[in-house]
Amino acid sequence: MPQILRLYLWHSLFYTYYDIMKIIFATHNPNKLREIQEMIGNSYQVLGLNDIDCHEEIPETAETLEGNALIKSSYVYDHFNMNCFSDDTGLEVASLGGAPGVYSARYAGEACKAEDNMQKLLEELQDVENRDAQFRTVISLIIDGKKYFFEGVVKGEITTQKSGQDGFGYDPIFQLKGFNKTFSEMSSTEKNEISHRGIAVRKLIDFLKNYSS
Ligand code: IMP
């Protein structure tokens, strides 16, 4: 039997036998899902939207990260009656009044690429002295009908040009305070240890590990 199938069967049996608590992460992204399951360990079984046959793109229509995260977790809780968490992240630039913020993914337009977003931001900040910025992740958790929020923030600045090949989104132009390289020039392990998402996820995990209904 192939190793991957054996691992899959072992996991299914383990979770069924021990009746581990299931929790939904409102994402279609298998990488985000795997990463969080590894961090939570065996105390919860984390399922994604595809695992519960939810194939919709839940519309993110709120004007805040908290609002968008809550829309996604509420959608799952209300339609599937399962405990659920979801995340939303934005890059907030001080001299732009917190923009692009909740619109980070579509700063340069609805179907734009990360390249377009970075280009637009670099143009907006041309000749601007204050380049302070922060990444902020908000996680919304609904468990047994109660709502909780967890936040992760990292402060830094927007560089004047792109550097680095790795990462995604605005990584090539974001430099964390106290570092002389961009997120894009860090390994993913190094970034995850200090990132906004890592901070918020660790707060969520601490809460879940100590949670009893
Ligand atoms: P999401 O809420 O995780 O989908 O993030 C929304 C948008 O914020 C992404 O499409 C990226 O443009 C940006 N973003 C989120 N996290 C990061 C990060 O760690 N590095 C760079 N850009 C990010």
# chains A, B, ... in the order shown; residues from 1 in each chain; ligands from 1
$ closest_atom_pairs --of "chain A" --to "ligand 1" --cutoff "9 Å" --atoms "only C-alpha atoms and all ligand atoms" --output "tab-separated table"
residue	atom	partner	partner_atom_place_in_ligand_line	distance
A:Leu65	CA	ligand 1	2 (O)	8.1
A:Asn68	CA	ligand 1	2 (O)	8.8
A:Ala69	CA	ligand 1	2 (O)	8.4
A:Asp87	CA	ligand 1	2 (O)	6.1
A:Asp88	CA	ligand 1	2 (O)	3.6
A:Thr89	CA	ligand 1	2 (O)	3.9
A:Gly90	CA	ligand 1	8 (O)	4.6
A:Leu91	CA	ligand 1	8 (O)	6.2
A:Pro100	CA	ligand 1	8 (O)	8.8
A:Gly101	CA	ligand 1	8 (O)	7.9
A:Val102	CA	ligand 1	6 (C)	7.4
A:Tyr103	CA	ligand 1	7 (C)	7.5
A:Ser104	CA	ligand 1	8 (O)	4.7
A:Ala105	CA	ligand 1	10 (O)	3.6
A:Arg106	CA	ligand 1	10 (O)	7.3
A:Tyr107	CA	ligand 1	12 (O)	8.3
A:Lys113	CA	ligand 1	12 (O)	8.6
A:Ala114	CA	ligand 1	12 (O)	6.2
A:Asn117	CA	ligand 1	12 (O)	7.5
A:Met118	CA	ligand 1	12 (O)	8.9
A:Phe135	CA	ligand 1	16 (N)	7.1
A:Arg136	CA	ligand 1	16 (N)	8.1
A:Thr137	CA	ligand 1	2 (O)	7.4
A:Val138	CA	ligand 1	2 (O)	8.6
A:Gly167	CA	ligand 1	20 (N)	6.7
A:Phe168	CA	ligand 1	21 (C)	5.3
A:Gly169	CA	ligand 1	22 (N)	3.6
A:Tyr170	CA	ligand 1	21 (C)	4.0
A:Asp171	CA	ligand 1	21 (C)	4.3
A:Pro172	CA	ligand 1	21 (C)	7.9
A:Ile173	CA	ligand 1	21 (C)	8.7
A:Phe174	CA	ligand 1	21 (C)	7.7
A:Phe183	CA	ligand 1	20 (N)	7.2
A:Ser184	CA	ligand 1	20 (N)	8.2
A:Lys191	CA	ligand 1	19 (O)	8.2
A:Asn192	CA	ligand 1	19 (O)	8.6
A:Ser195	CA	ligand 1	19 (O)	6.9
A:His196	CA	ligand 1	19 (O)	7.2
A:Arg197	CA	ligand 1	19 (O)	7.0
$ write_last_selection --atoms "N, CA, C and O atoms" --output "compact mmCIF listing (two decimals), in the first residue's frame"
# COMPACT_ATOMS: atom_id res chain seq x y z
N LEU A 65 -10.96 43.88 8.86
CA LEU A 65 -10.46 42.50 8.89
C LEU A 65 -11.33 41.66 9.83
O LEU A 65 -11.67 40.51 9.52
N ASN A 68 -14.61 40.76 8.05
CA ASN A 68 -14.48 39.71 7.03
C ASN A 68 -14.23 38.34 7.66
O ASN A 68 -14.77 37.33 7.20
N ALA A 69 -13.40 38.32 8.69
CA ALA A 69 -13.12 37.04 9.34
C ALA A 69 -14.42 36.49 9.95
O ALA A 69 -14.72 35.29 9.83
N ASP A 87 -9.55 33.38 9.03
CA ASP A 87 -8.60 34.47 9.21
C ASP A 87 -8.73 35.50 8.10
O ASP A 87 -9.25 35.21 7.03
N ASP A 88 -8.27 36.70 8.38
CA ASP A 88 -8.17 37.72 7.35
C ASP A 88 -6.95 38.57 7.69
O ASP A 88 -6.71 38.86 8.87
N THR A 89 -6.21 38.94 6.66
CA THR A 89 -4.95 39.68 6.87
C THR A 89 -4.91 40.90 5.98
O THR A 89 -5.42 40.88 4.86
N GLY A 90 -4.29 41.96 6.48
CA GLY A 90 -4.10 43.14 5.64
C GLY A 90 -2.78 43.82 5.96
O GLY A 90 -2.23 43.67 7.05
N LEU A 91 -2.28 44.58 4.98
CA LEU A 91 -1.09 45.41 5.17
C LEU A 91 -1.59 46.83 5.40
O LEU A 91 -2.35 47.37 4.58
N PRO A 100 -3.40 49.56 2.23
CA PRO A 100 -4.58 48.98 1.62
C PRO A 100 -5.47 48.18 2.60
O PRO A 100 -6.61 47.91 2.30
N GLY A 101 -4.96 47.80 3.76
CA GLY A 101 -5.77 47.16 4.80
C GLY A 101 -6.61 46.00 4.29
O GLY A 101 -6.09 45.05 3.69
N VAL A 102 -7.90 46.13 4.51
CA VAL A 102 -8.81 45.03 4.17
C VAL A 102 -8.86 44.79 2.65
O VAL A 102 -9.27 43.72 2.19
N TYR A 103 -8.37 45.77 1.87
CA TYR A 103 -8.37 45.63 0.40
C TYR A 103 -7.01 45.17 -0.14
O TYR A 103 -6.75 45.30 -1.33
N SER A 104 -6.14 44.63 0.74
CA SER A 104 -4.77 44.30 0.33
C SER A 104 -4.70 43.38 -0.89
O SER A 104 -3.85 43.57 -1.76
N ALA A 105 -5.59 42.40 -0.97
CA ALA A 105 -5.51 41.43 -2.07
C ALA A 105 -5.89 42.07 -3.40
O ALA A 105 -5.44 41.65 -4.46
N ARG A 106 -6.74 43.12 -3.35
CA ARG A 106 -7.24 43.72 -4.61
C ARG A 106 -6.99 45.22 -4.65
O ARG A 106 -7.80 46.00 -5.13
N TYR A 107 -5.81 45.63 -4.13
CA TYR A 107 -5.46 47.06 -4.05
C TYR A 107 -5.41 47.71 -5.44
O TYR A 107 -5.88 48.81 -5.63
N LYS A 113 -2.67 41.16 -9.83
CA LYS A 113 -1.66 40.25 -9.29
C LYS A 113 -0.88 40.97 -8.19
O LYS A 113 -0.93 42.20 -8.08
N ALA A 114 -0.11 40.18 -7.43
CA ALA A 114 0.71 40.76 -6.35
C ALA A 114 1.65 41.83 -6.91
O ALA A 114 1.87 42.87 -6.27
N ASN A 117 -0.14 45.11 -7.22
CA ASN A 117 -0.36 45.72 -5.90
C ASN A 117 0.90 46.39 -5.38
O ASN A 117 0.87 47.51 -4.88
N MET A 118 2.04 45.69 -5.53
CA MET A 118 3.30 46.26 -5.03
C MET A 118 3.66 47.52 -5.82
O MET A 118 4.09 48.52 -5.24
N PHE A 135 1.68 44.50 9.21
CA PHE A 135 0.79 43.42 8.78
C PHE A 135 -0.06 43.06 9.98
O PHE A 135 0.45 42.95 11.11
N ARG A 136 -1.36 42.89 9.73
CA ARG A 136 -2.25 42.51 10.84
C ARG A 136 -3.12 41.34 10.40
O ARG A 136 -3.74 41.39 9.34
N THR A 137 -3.12 40.29 11.21
CA THR A 137 -4.00 39.14 10.97
C THR A 137 -5.04 39.09 12.08
O THR A 137 -4.70 39.24 13.26
N VAL A 138 -6.28 38.87 11.69
CA VAL A 138 -7.34 38.67 12.68
C VAL A 138 -7.94 37.29 12.46
O VAL A 138 -8.26 36.92 11.32
N GLY A 167 8.24 33.85 -0.85
CA GLY A 167 7.04 34.40 -0.22
C GLY A 167 5.96 34.74 -1.22
O GLY A 167 5.93 34.23 -2.33
N PHE A 168 5.06 35.61 -0.82
CA PHE A 168 3.92 35.97 -1.66
C PHE A 168 3.48 37.38 -1.30
O PHE A 168 4.03 38.01 -0.39
N GLY A 169 2.45 37.86 -2.00
CA GLY A 169 1.87 39.16 -1.67
C GLY A 169 2.91 40.27 -1.64
O GLY A 169 3.70 40.44 -2.57
N TYR A 170 2.93 41.01 -0.53
CA TYR A 170 3.81 42.17 -0.41
C TYR A 170 5.17 41.83 0.21
O TYR A 170 5.91 42.73 0.59
N ASP A 171 5.47 40.55 0.34
CA ASP A 171 6.71 40.13 1.00
C ASP A 171 7.98 40.84 0.48
O ASP A 171 8.83 41.22 1.28
N PRO A 172 8.12 41.03 -0.85
CA PRO A 172 9.38 41.63 -1.34
C PRO A 172 9.56 43.10 -0.95
O PRO A 172 10.66 43.63 -1.10
N ILE A 173 8.51 43.78 -0.44
CA ILE A 173 8.69 45.20 -0.10
C ILE A 173 8.39 45.49 1.37
O ILE A 173 8.25 46.63 1.77
N PHE A 174 8.30 44.43 2.19
CA PHE A 174 8.05 44.65 3.62
C PHE A 174 9.26 44.21 4.43
O PHE A 174 9.70 43.06 4.37
N PHE A 183 10.68 40.29 4.08
CA PHE A 183 10.04 38.99 4.35
C PHE A 183 10.41 38.01 3.23
O PHE A 183 10.56 36.81 3.46
N SER A 184 10.54 38.54 2.03
CA SER A 184 10.81 37.70 0.87
C SER A 184 12.22 37.09 0.91
O SER A 184 12.47 36.09 0.23
N LYS A 191 10.17 33.12 8.65
CA LYS A 191 9.04 34.06 8.58
C LYS A 191 7.89 33.60 9.48
O LYS A 191 7.31 34.40 10.22
N ASN A 192 7.55 32.29 9.41
CA ASN A 192 6.41 31.79 10.20
C ASN A 192 6.61 31.98 11.69
O ASN A 192 5.67 32.17 12.44
N SER A 195 5.95 35.92 12.15
CA SER A 195 4.97 36.66 11.35
C SER A 195 3.67 36.94 12.11
O SER A 195 3.34 36.28 13.11
N HIS A 196 2.95 37.92 11.60
CA HIS A 196 1.61 38.29 12.07
C HIS A 196 0.69 37.06 12.16
O HIS A 196 0.01 36.84 13.14
N ARG A 197 0.71 36.24 11.08
CA ARG A 197 -0.17 35.07 11.05
C ARG A 197 0.25 34.08 12.14
O ARG A 197 -0.57 33.52 12.85
$ residues_around --residues "range 144-161 of chain A" --least-positions-apart "4" --cutoff "9 Å" --atoms "only C-alpha atoms" --output "PyMOL selection string"
chain A and resi 66+70+77+82-83+93+121-122+125-126+130-140+172-179+182+194-201+203-204+213
$ residues_around --residues "Ile52 in chain A" --least-positions-apart "5" --cutoff "10 Å" --atoms "only C-alpha atoms" --output "list in words"
Ile24, Leu47, Val76, Phe80 and Met82 of chain A
$ select_by_dssp --residues "range 9-175 of chain A" --states "alpha helix (DSSP H)" --output "ChimeraX atom specification"
/A:9-17,30-40,65-80,114-124
$ select_by_dssp --residues "range 19-128 of chain A" --states "strand (DSSP E)" --output "list in words"
Met21, Lys22, Ile23, Ile24, Phe25, Tyr44, Gln45, Val46, Leu47, Cys84, Phe85, Ser86, Asp87, Asp88, Thr89, Gly90, Leu91, Glu92, Val93, Pro100 and Gly101 of chain A
